[in-house]
Structures are given as structure tokens and as C-alpha cells.
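Have a look at the structure below before the remarks.
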Amino acid sequence: SWTADSFVESTVAQLKEKLGDDKVVMGLSGGVDSSVAATLIHRAIGANLYCIFVDNGVLRKDEFEDVLESYKELGLNVKGVDSKQQFYGALTGLTDPEAKRKAIGKTFIDVFDQEAHLIEDVSWLGQGTIYPDVIESVSVKGPSATIKSHHNVGGLPDFMKLKVVEPLNTLFKDEVRAVGKTLGLPDTILGRHPFPGPGLAIRILGDITAEKVQILQEVDALFINGLKREGLYDKVWQAGAILLPIQSVGVMGDERTYERVVALRAVTSVDGMTADWAHLPYEFLADISNEIINKVKGVNRVVYDISSKPPATIEWE
Ligand code: XMP
């Protein structure tokens, strides 16, 4: 029967055999899959694995620094690349969700390609693809292909001419976590909620500006830290905040305000394909709403999303 220990042992041996003295380049996202995949490959080939972690400007608050630090602690050979301005440039004026996804995907490939060229004689691209990604990338080729374009699979531009190594492509998420645990990855990485590649760009409805990103990062951090503080983080499958493209009237002291509205979203799910809105305690929602409105300048109203998937999706875009 399958065990994480035997998977690690046989996979590391296979990777050694397959990769030999070859160099592998890999983009990390901070998520469970790419972190576990990188750690496995690192076990096999050590410093011949070159990891790249890109700040696309739409990560969570402090995520770039925090995640880079944990990767370094794991001994990974990782380069952090600050490409915020390049991404903001590519996103300027875009409001359509798919256009935003495409702009981010394309900019990521540009940055990644540029960084990969700095590594001499690299011949492999490492990827954190897991089994459900493989299935989904096949099944979305139907009429629904345009509903949402996940660019995690098959996004290899042919000018890179790299062979692909995907050590997790037969595993389900819970197996990936078990492998990560065996490899000694910290809970801060293994217990992470999923976070979309296009990041906060698809949680800011309408166009993206550095100011909106900053507001949403603050709101999101208060919400996520609140969930952690109250022991709720591990009880929900995914959570985050959405910056709505509307303003609403409020009152502060004697002043009438006309400011932004944020939505909080938390769901329970097994695989993200279906999801229920998380029945968070009213007291928690009340406290977090107050905290957000008191602390985040420019926000005067908080709403909680009580839609399930289907028919709603987890993200708003
Ligand atoms: P939806 O909104 O389709 O989301 O219910 C299901 C899961 O997929 C994530 N998601 C994405 N992940 N690129 C990604 O890497 C994307 O473009 C993307 N869109 C949605 C979403 O966060 C949820 O976990």
C-alpha cells in the first residue's frame, strides 16, 4: 500500500536516475504543491535545482518576504525576484477577469524566462502539478474551456525548450501533504489555504492599482490573522477578501463617509470543485468587521459572502 515514506524514497531515487547532473529550474508559488515538489527534487539533486520566486505585486501582505525566508530555511537554492512594477504595468487599465489572468500569466512567463536564461545549461523545468490538475486540464478542453483558464498546466512556452519534471503528478492533495510532512516541511507551508496564481488581481474587481492592492492586503491580513487567532483557519478550506468596485455611505463621528466596500469569503470544501460558505461564528464576523473598518483607511463597510459553489464560484472573478 502507498505510504509517504516509500513514495519519497522511490521518487528521490527515480529523480536521481532521471536527472543525473542536469540542472532544473522551477518557479515556486509559496503553495503546498510547488514547495513539496521542489523539496523532493532538492533531495535528489541539491543545488542543481534553481528555484525562482516572483513577487508579482498581487501576493498577500508580507508573503514574499515570509515565504522566501521559509524556503531559505529549507535549504532551497532560491532567488526572489521583485517584478511588482512589471506586473502592475501589464495590468494597467485591465478590468476583464480573463484579461487580467492572461496578463499575469504572460508577464510571469516573461520574467521566468528571463531568469531561466541566467542559469547556464539548464535542461529541465520542475513543476508542482498534481493529479487533479492533470485531469482538470484535460476535462476543461470542452465547451467550458473559457470559464476560467487555469494556467498551471501546459503553460510551457516552446521557446524555453525545457523537458518537464513533475514528481507529484500522480498524487492527490492529501497525499502531497503527507509527503510534505515526511520531508519535514513546516505547517505554515503544508497547512496553507489554496491561493490563486493571479492572486489579489482577481480579488480586486475592476482595474488594479498599487493603492487598491495595499488596501486589500491589509483587509486580507486582518481576516486571515483573525481566523488563525480564533482557531478557525484550519477549519476552512480557503478564505480571503474581495475589494468591490463600489463605494457606500457611512458615518464616522459627525462626518458622512463615502468609501470602499469589502467582501469576506470563507468556504469549506474537499477539492474546490464544490464548496459551501463557511458558517463562521457571528461574534467573529462582528469583531473582524469592526477591526477592518477601524484599521483600514478607505473601507467603511464589510459584507460576508454566503453563496455556495455551485452556482457561485469561490473567487468572484
Ligand atoms: P473557483 O473560483 O473556480 O475556484 O471556484 C476554485 C479554486 O481555484 C482557484 N483559482 C485559481 N487558481 N489560477 C489558479 O492558480 C486561477 O486563475 C484560478 N482561478 C481560481 C481558486 O482560488 C479556488 O481555490
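Ordered as shown in the C-alpha cells, chains take letters A, B, and onward, while each chain numbers its residues from 1 and ligands are numbered from 1 in the order shown.
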Return as a Markdown table the residues of chain A lying at most 8 Å from ligand 1, together with the closest atom-to-atom pair for each and the distance in Å to one decimal, counting only C-alpha atoms and all ligand atoms, with rows in chain order and ascending residue number.
| residue | atom | partner | partner_atom_place_in_ligand_line | distance |
| --- | --- | --- | --- | --- |
| A:Arg101 | CA | ligand 1 | 17 (O) | 6.0 |
| A:Lys148 | CA | ligand 1 | 19 (N) | 6.4 |
| A:Ser149 | CA | ligand 1 | 17 (O) | 5.9 |
| A:His150 | CA | ligand 1 | 17 (O) | 4.6 |
| A:His151 | CA | ligand 1 | 13 (N) | 6.2 |
| A:Asn152 | CA | ligand 1 | 15 (O) | 6.1 |
| A:Pro194 | CA | ligand 1 | 24 (O) | 5.2 |
| A:Phe195 | CA | ligand 1 | 22 (O) | 5.0 |
| A:Pro196 | CA | ligand 1 | 12 (N) | 3.5 |
| A:Gly197 | CA | ligand 1 | 15 (O) | 3.8 |
| A:Pro198 | CA | ligand 1 | 17 (O) | 5.7 |
| A:Gly199 | CA | ligand 1 | 13 (N) | 7.8 |
| A:Ile202 | CA | ligand 1 | 19 (N) | 7.8 |
| A:Gln238 | CA | ligand 1 | 24 (O) | 6.8 |
| A:Gly272 | CA | ligand 1 | 6 (C) | 5.0 |
| A:Met273 | CA | ligand 1 | 6 (C) | 6.3 |
| A:Thr274 | CA | ligand 1 | 5 (O) | 7.4 |
| A:Ala275 | CA | ligand 1 | 5 (O) | 7.8 |
| A:Lys309 | CA | ligand 1 | 5 (O) | 6.6 |
| A:Ala312 | CA | ligand 1 | 5 (O) | 7.3 |
| A:Thr313 | CA | ligand 1 | 5 (O) | 3.7 |
| A:Ile314 | CA | ligand 1 | 5 (O) | 3.7 |
| A:Glu315 | CA | ligand 1 | 2 (O) | 3.6 |
| A:Trp316 | CA | ligand 1 | 2 (O) | 6.4 |
| A:Glu317 | CA | ligand 1 | 2 (O) | 6.8 |
Keeping N, CA and C atoms for every residue in the selection just given, could you write it to a file as a PDB file, in the first residue's frame?
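Saved to again26.pdb:
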ATOM      1  N   ARG A 101      -5.959  37.582 -15.945  1.00  0.00           N
ATOM      2  CA  ARG A 101      -5.256  36.300 -15.836  1.00  0.00           C
ATOM      3  C   ARG A 101      -4.195  36.170 -16.930  1.00  0.00           C
ATOM      4  N   LYS A 148     -12.813  29.511 -16.923  1.00  0.00           N
ATOM      5  CA  LYS A 148     -11.658  30.044 -16.214  1.00  0.00           C
ATOM      6  C   LYS A 148     -10.412  29.350 -16.732  1.00  0.00           C
ATOM      7  N   SER A 149      -9.464  30.099 -17.167  1.00  0.00           N
ATOM      8  CA  SER A 149      -8.262  29.469 -17.704  1.00  0.00           C
ATOM      9  C   SER A 149      -7.212  29.316 -16.624  1.00  0.00           C
ATOM     10  N   HIS A 150      -7.097  28.131 -16.076  1.00  0.00           N
ATOM     11  CA  HIS A 150      -6.042  27.874 -15.106  1.00  0.00           C
ATOM     12  C   HIS A 150      -4.757  27.697 -15.907  1.00  0.00           C
ATOM     13  N   HIS A 151      -3.740  28.420 -15.547  1.00  0.00           N
ATOM     14  CA  HIS A 151      -2.550  28.328 -16.388  1.00  0.00           C
ATOM     15  C   HIS A 151      -1.436  27.524 -15.715  1.00  0.00           C
ATOM     16  N   ASN A 152      -1.827  26.661 -14.762  1.00  0.00           N
ATOM     17  CA  ASN A 152      -0.803  25.882 -14.060  1.00  0.00           C
ATOM     18  C   ASN A 152      -0.285  24.713 -14.894  1.00  0.00           C
ATOM     19  N   PRO A 194      -5.346  27.175  -0.301  1.00  0.00           N
ATOM     20  CA  PRO A 194      -5.015  27.422  -1.703  1.00  0.00           C
ATOM     21  C   PRO A 194      -5.107  28.930  -1.990  1.00  0.00           C
ATOM     22  N   PHE A 195      -4.275  29.378  -2.897  1.00  0.00           N
ATOM     23  CA  PHE A 195      -4.299  30.794  -3.283  1.00  0.00           C
ATOM     24  C   PHE A 195      -4.097  30.847  -4.794  1.00  0.00           C
ATOM     25  N   PRO A 196      -4.958  31.580  -5.494  1.00  0.00           N
ATOM     26  CA  PRO A 196      -4.875  31.517  -6.962  1.00  0.00           C
ATOM     27  C   PRO A 196      -3.602  32.159  -7.506  1.00  0.00           C
ATOM     28  N   GLY A 197      -3.087  31.608  -8.595  1.00  0.00           N
ATOM     29  CA  GLY A 197      -1.910  32.172  -9.252  1.00  0.00           C
ATOM     30  C   GLY A 197      -2.039  33.670  -9.522  1.00  0.00           C
ATOM     31  N   PRO A 198      -3.184  34.137 -10.053  1.00  0.00           N
ATOM     32  CA  PRO A 198      -3.333  35.585 -10.313  1.00  0.00           C
ATOM     33  C   PRO A 198      -3.558  36.405  -9.039  1.00  0.00           C
ATOM     34  N   GLY A 199      -3.573  35.715  -7.919  1.00  0.00           N
ATOM     35  CA  GLY A 199      -3.553  36.379  -6.621  1.00  0.00           C
ATOM     36  C   GLY A 199      -4.645  37.407  -6.407  1.00  0.00           C
ATOM     37  N   ILE A 202      -7.443  39.006  -9.023  1.00  0.00           N
ATOM     38  CA  ILE A 202      -8.816  38.567  -9.302  1.00  0.00           C
ATOM     39  C   ILE A 202      -9.713  38.721  -8.067  1.00  0.00           C
ATOM     40  N   GLN A 238     -10.578  27.527   2.354  1.00  0.00           N
ATOM     41  CA  GLN A 238      -9.956  28.694   1.735  1.00  0.00           C
ATOM     42  C   GLN A 238     -10.672  29.934   2.237  1.00  0.00           C
ATOM     43  N   GLY A 272     -12.350  21.944  -3.849  1.00  0.00           N
ATOM     44  CA  GLY A 272     -12.558  23.201  -4.548  1.00  0.00           C
ATOM     45  C   GLY A 272     -13.558  23.112  -5.697  1.00  0.00           C
ATOM     46  N   MET A 273     -13.952  21.899  -6.056  1.00  0.00           N
ATOM     47  CA  MET A 273     -14.892  21.755  -7.179  1.00  0.00           C
ATOM     48  C   MET A 273     -16.300  22.161  -6.744  1.00  0.00           C
ATOM     49  N   THR A 274     -16.658  21.779  -5.505  1.00  0.00           N
ATOM     50  CA  THR A 274     -17.879  22.291  -4.902  1.00  0.00           C
ATOM     51  C   THR A 274     -17.461  22.883  -3.566  1.00  0.00           C
ATOM     52  N   ALA A 275     -18.260  23.806  -3.060  1.00  0.00           N
ATOM     53  CA  ALA A 275     -17.891  24.438  -1.793  1.00  0.00           C
ATOM     54  C   ALA A 275     -19.124  24.999  -1.108  1.00  0.00           C
ATOM     55  N   LYS A 309     -20.891  27.071  -3.952  1.00  0.00           N
ATOM     56  CA  LYS A 309     -20.465  26.675  -5.295  1.00  0.00           C
ATOM     57  C   LYS A 309     -20.910  25.248  -5.548  1.00  0.00           C
ATOM     58  N   ALA A 312     -22.418  29.737  -7.407  1.00  0.00           N
ATOM     59  CA  ALA A 312     -21.355  30.746  -7.366  1.00  0.00           C
ATOM     60  C   ALA A 312     -20.015  30.018  -7.434  1.00  0.00           C
ATOM     61  N   THR A 313     -18.963  30.723  -7.792  1.00  0.00           N
ATOM     62  CA  THR A 313     -17.623  30.141  -7.701  1.00  0.00           C
ATOM     63  C   THR A 313     -17.003  30.623  -6.393  1.00  0.00           C
ATOM     64  N   ILE A 314     -15.840  30.077  -6.061  1.00  0.00           N
ATOM     65  CA  ILE A 314     -15.168  30.509  -4.826  1.00  0.00           C
ATOM     66  C   ILE A 314     -14.657  31.941  -5.013  1.00  0.00           C
ATOM     67  N   GLU A 315     -13.920  32.165  -6.094  1.00  0.00           N
ATOM     68  CA  GLU A 315     -13.475  33.523  -6.409  1.00  0.00           C
ATOM     69  C   GLU A 315     -14.636  34.299  -7.017  1.00  0.00           C
ATOM     70  N   TRP A 316     -14.513  35.625  -7.011  1.00  0.00           N
ATOM     71  CA  TRP A 316     -15.560  36.449  -7.619  1.00  0.00           C
ATOM     72  C   TRP A 316     -15.270  36.743  -9.084  1.00  0.00           C
ATOM     73  N   GLU A 317     -14.045  36.446  -9.494  1.00  0.00           N
ATOM     74  CA  GLU A 317     -13.720  36.663 -10.908  1.00  0.00           C
ATOM     75  C   GLU A 317     -13.131  35.384 -11.461  1.00  0.00           C
TER      76      GLU A 317
END
Worksheet entry | helix (DSSP H, G or I) call set, DSSP backbone run, range 70-220 of chain A, as a VMD selection string | chain A and resid 70 to 73 84 to 91 97 to 117 131 to 139 143 to 146 158 to 160 173 to 182 187 to 190 199 to 202 210 to 220
Item to complete: Report the distance between CA of Glu65 in chain A and CA of Gly105 in chain A in Å, rounded to one decimal place.
Response: 21.6 Å
Item to complete: Write out as a PyMOL selection string each polymer residue whose atoms come within 12 Å of Lys23 in chain A, counting only C-alpha atoms; drop sequence neighbours fewer than 4 positions from it.
Response: chain A and resi 15-16+18-19+41-42+44-51+77+116+119-126+162-165
Worksheet item: Counting only C-alpha atoms, what is within 9 Å of Ala103 in chain A, bar same-chain residues fewer than 5 positions away, as a ChimeraX atom specification?
Response: /A:87,90-91,94,98,108
Practice prompt. For Thr11 in chain A, list every protein, DNA or RNA residue within 10 Å, evaluated using only C-alpha atoms, and leave out those in the same chain fewer than 6 positions away; present the list as a list in words.
Written response: Asp5, Glu17, Leu40, Ile41, Arg43, Ala44, Pro167 and Leu168 of chain A
Output N, CA and C atoms of each residue in that selection to a file, as a PDB file, in the first residue's frame.
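Result went into again36.pdb, see below:
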ATOM      1  N   ASP A   5       6.476   7.693   3.082  1.00  0.00           N
ATOM      2  CA  ASP A   5       7.899   7.346   3.189  1.00  0.00           C
ATOM      3  C   ASP A   5       8.407   6.605   1.954  1.00  0.00           C
ATOM      4  N   GLU A  17      18.170   9.238 -10.877  1.00  0.00           N
ATOM      5  CA  GLU A  17      18.417   8.469 -12.093  1.00  0.00           C
ATOM      6  C   GLU A  17      18.102   9.313 -13.342  1.00  0.00           C
ATOM      7  N   LEU A  40      11.344  17.711  -2.889  1.00  0.00           N
ATOM      8  CA  LEU A  40      11.665  16.367  -3.399  1.00  0.00           C
ATOM      9  C   LEU A  40      12.823  16.415  -4.395  1.00  0.00           C
ATOM     10  N   ILE A  41      12.712  17.342  -5.336  1.00  0.00           N
ATOM     11  CA  ILE A  41      13.765  17.448  -6.363  1.00  0.00           C
ATOM     12  C   ILE A  41      15.086  17.853  -5.708  1.00  0.00           C
ATOM     13  N   ARG A  43      16.046  17.100  -2.712  1.00  0.00           N
ATOM     14  CA  ARG A  43      16.600  15.886  -2.093  1.00  0.00           C
ATOM     15  C   ARG A  43      17.434  15.100  -3.100  1.00  0.00           C
ATOM     16  N   ALA A  44      16.952  15.083  -4.341  1.00  0.00           N
ATOM     17  CA  ALA A  44      17.621  14.271  -5.364  1.00  0.00           C
ATOM     18  C   ALA A  44      18.856  14.946  -5.942  1.00  0.00           C
ATOM     19  N   PRO A 167       7.161  15.597 -10.257  1.00  0.00           N
ATOM     20  CA  PRO A 167       7.170  14.423  -9.369  1.00  0.00           C
ATOM     21  C   PRO A 167       5.855  14.151  -8.637  1.00  0.00           C
ATOM     22  N   LEU A 168       4.911  15.090  -8.655  1.00  0.00           N
ATOM     23  CA  LEU A 168       3.673  14.884  -7.889  1.00  0.00           C
ATOM     24  C   LEU A 168       2.468  14.567  -8.770  1.00  0.00           C
TER      25      LEU A 168
END
Worksheet item: When you draw a straight line from CA of Ile246 in chain A to CA of Arg260 in chain A, how long is it in Å?
Response: 6.2 Å
Practice prompt. Tell me which of A:Val219, A:Ala239, A:Leu264, A:Leu244 sits closest to Lys295 in chain A, counting only C-alpha atoms.
Written response: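 Among the listed residues, the smallest separation from Lys295 in chain A belongs to A:Val219.
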Discussion item. I'd like the interatomic distance between CA of Asp305 in chain A and CA of Gly31 in chain A, to a tenth of an Å.
Written reply: 24.3 Å
Fill in: For Ser83 in chain A: contacts at 12 Å, only C-alpha atoms, fewer than 4 positions along chain excluded, given as an MDAnalysis selection string
chainID A and resid 52:59 64 87:90 104 107:112 114:115
Next, write the just-selected residues to a file, as an mmCIF file, in the first residue's frame, keeping N, CA and C atoms as the atom set.
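The resulting file, result35.cif, is shown below:
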data_model
loop_
_atom_site.group_PDB
_atom_site.id
_atom_site.type_symbol
_atom_site.label_atom_id
_atom_site.label_comp_id
_atom_site.auth_asym_id
_atom_site.auth_seq_id
_atom_site.Cartn_x
_atom_site.Cartn_y
_atom_site.Cartn_z
ATOM 1 N N ILE A 52 12.927 29.830 -8.395
ATOM 2 C CA ILE A 52 12.648 31.248 -8.607
ATOM 3 C C ILE A 52 11.291 31.570 -7.986
ATOM 4 N N PHE A 53 11.288 32.585 -7.156
ATOM 5 C CA PHE A 53 10.031 33.004 -6.527
ATOM 6 C C PHE A 53 9.797 34.471 -6.902
ATOM 7 N N VAL A 54 8.728 34.705 -7.633
ATOM 8 C CA VAL A 54 8.485 36.023 -8.212
ATOM 9 C C VAL A 54 7.473 36.808 -7.375
ATOM 10 N N ASP A 55 7.818 38.042 -7.053
ATOM 11 C CA ASP A 55 6.833 38.937 -6.440
ATOM 12 C C ASP A 55 6.063 39.603 -7.574
ATOM 13 N N ASN A 56 4.818 39.162 -7.777
ATOM 14 C CA ASN A 56 4.008 39.692 -8.880
ATOM 15 C C ASN A 56 3.181 40.906 -8.441
ATOM 16 N N GLY A 57 3.411 41.378 -7.226
ATOM 17 C CA GLY A 57 2.716 42.585 -6.768
ATOM 18 C C GLY A 57 1.300 42.317 -6.287
ATOM 19 N N VAL A 58 0.804 41.082 -6.466
ATOM 20 C CA VAL A 58 -0.560 40.774 -6.030
ATOM 21 C C VAL A 58 -0.566 39.574 -5.070
ATOM 22 N N LEU A 59 0.527 39.475 -4.320
ATOM 23 C CA LEU A 59 0.601 38.469 -3.260
ATOM 24 C C LEU A 59 -0.052 39.027 -2.010
ATOM 25 N N PHE A 64 5.811 37.661 0.242
ATOM 26 C CA PHE A 64 7.058 37.475 -0.496
ATOM 27 C C PHE A 64 8.213 37.246 0.488
ATOM 28 N N PHE A 87 4.458 43.762 -13.407
ATOM 29 C CA PHE A 87 3.092 43.221 -13.364
ATOM 30 C C PHE A 87 2.056 44.350 -13.331
ATOM 31 N N TYR A 88 2.304 45.367 -12.499
ATOM 32 C CA TYR A 88 1.354 46.491 -12.451
ATOM 33 C C TYR A 88 1.237 47.140 -13.830
ATOM 34 N N GLY A 89 2.380 47.247 -14.492
ATOM 35 C CA GLY A 89 2.383 47.816 -15.849
ATOM 36 C C GLY A 89 1.495 46.992 -16.779
ATOM 37 N N ALA A 90 1.649 45.686 -16.723
ATOM 38 C CA ALA A 90 0.882 44.797 -17.612
ATOM 39 C C ALA A 90 -0.605 44.806 -17.259
ATOM 40 N N ILE A 104 -1.183 38.435 -16.333
ATOM 41 C CA ILE A 104 -0.322 37.926 -15.261
ATOM 42 C C ILE A 104 0.447 36.693 -15.726
ATOM 43 N N THR A 107 3.176 37.838 -18.183
ATOM 44 C CA THR A 107 4.269 38.544 -17.502
ATOM 45 C C THR A 107 5.101 37.556 -16.696
ATOM 46 N N PHE A 108 4.419 36.609 -16.060
ATOM 47 C CA PHE A 108 5.163 35.603 -15.304
ATOM 48 C C PHE A 108 6.113 34.833 -16.223
ATOM 49 N N ILE A 109 5.617 34.440 -17.379
ATOM 50 C CA ILE A 109 6.448 33.693 -18.322
ATOM 51 C C ILE A 109 7.632 34.547 -18.778
ATOM 52 N N ASP A 110 7.395 35.834 -19.049
ATOM 53 C CA ASP A 110 8.494 36.741 -19.439
ATOM 54 C C ASP A 110 9.564 36.797 -18.359
ATOM 55 N N VAL A 111 9.119 37.023 -17.118
ATOM 56 C CA VAL A 111 10.061 37.154 -16.006
ATOM 57 C C VAL A 111 10.802 35.838 -15.798
ATOM 58 N N PHE A 112 10.030 34.770 -15.828
ATOM 59 C CA PHE A 112 10.608 33.455 -15.569
ATOM 60 C C PHE A 112 11.625 33.091 -16.647
ATOM 61 N N GLN A 114 13.310 35.096 -18.558
ATOM 62 C CA GLN A 114 14.489 35.950 -18.386
ATOM 63 C C GLN A 114 15.396 35.399 -17.283
ATOM 64 N N GLU A 115 14.797 34.987 -16.181
ATOM 65 C CA GLU A 115 15.576 34.435 -15.062
ATOM 66 C C GLU A 115 16.183 33.075 -15.426
#
Fill in: Sel. of strand (DSSP E or B) residues, range 13-65 of chain A, as a list of chain:residue names
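Everything in range 13-65 of chain A that counts as strand (DSSP E or B) is A:Lys23, A:Val24, A:Val25, A:Met26, A:Gly27, A:Leu28, A:Leu49, A:Tyr50, A:Cys51, A:Ile52, A:Phe53, A:Val54, A:Asp55.
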Next, write the just-selected residues to a file, as a short mmCIF file (atom, residue, chain, number, x, y, z; two decimals), in the first residue's frame, keeping N, CA and C atoms as the atom set.
data_model
loop_
_atom_site.label_atom_id
_atom_site.label_comp_id
_atom_site.auth_asym_id
_atom_site.auth_seq_id
_atom_site.Cartn_x
_atom_site.Cartn_y
_atom_site.Cartn_z
N LYS A 23 20.64 20.32 -14.63
CA LYS A 23 20.08 21.40 -13.83
C LYS A 23 18.58 21.54 -14.08
N VAL A 24 17.87 21.89 -13.02
CA VAL A 24 16.41 22.06 -13.10
C VAL A 24 16.08 23.47 -12.63
N VAL A 25 15.20 24.14 -13.36
CA VAL A 25 14.72 25.44 -12.89
C VAL A 25 13.24 25.29 -12.55
N MET A 26 12.83 25.98 -11.50
CA MET A 26 11.45 25.81 -11.05
C MET A 26 10.92 27.10 -10.44
N GLY A 27 9.71 27.44 -10.80
CA GLY A 27 9.05 28.60 -10.21
C GLY A 27 8.27 28.16 -8.99
N LEU A 28 8.50 28.83 -7.87
CA LEU A 28 7.76 28.48 -6.65
C LEU A 28 6.66 29.51 -6.42
N LEU A 49 19.12 22.28 -8.38
CA LEU A 49 17.76 22.81 -8.51
C LEU A 49 17.80 24.32 -8.26
N TYR A 50 17.41 25.09 -9.25
CA TYR A 50 17.38 26.55 -9.15
C TYR A 50 15.93 27.00 -9.03
N CYS A 51 15.57 27.52 -7.85
CA CYS A 51 14.19 27.94 -7.66
C CYS A 51 14.06 29.45 -7.84
N ILE A 52 12.93 29.83 -8.39
CA ILE A 52 12.65 31.25 -8.61
C ILE A 52 11.29 31.57 -7.99
N PHE A 53 11.29 32.58 -7.16
CA PHE A 53 10.03 33.00 -6.53
C PHE A 53 9.80 34.47 -6.90
N VAL A 54 8.73 34.71 -7.63
CA VAL A 54 8.49 36.02 -8.21
C VAL A 54 7.47 36.81 -7.38
N ASP A 55 7.82 38.04 -7.05
CA ASP A 55 6.83 38.94 -6.44
C ASP A 55 6.06 39.60 -7.57
#
Discussion item. Ranking A:Ala99, A:Val179, A:Met252, A:Leu171 by minimum distance to Pro132 in chain A and counting only C-alpha atoms, which one comes first?
Written reply: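 Between A:Ala99, A:Val179, A:Met252, A:Leu171, the residue approaching Pro132 in chain A most closely is A:Leu171.
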Discussion item. So, with only C-alpha atoms as the atoms that count, which of A:Lys72, A:Lys61, A:Lys84, A:Arg301 lies closest to Gln247 in chain A?
Written reply: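 Between A:Lys72, A:Lys61, A:Lys84, A:Arg301, the residue approaching Gln247 in chain A most closely is A:Arg301.
Residues within 12 Å of Tyr131 in chain A, counting only C-alpha atoms and excluding same-chain residues fewer than 6 positions away, are Asp33, Ser137, Val138, Val153, Glu166, Pro167, Leu168, Asn169, Thr170, Leu171, Phe172, Lys173, Asp174, Glu175, Val176 and Asp271 of chain A.
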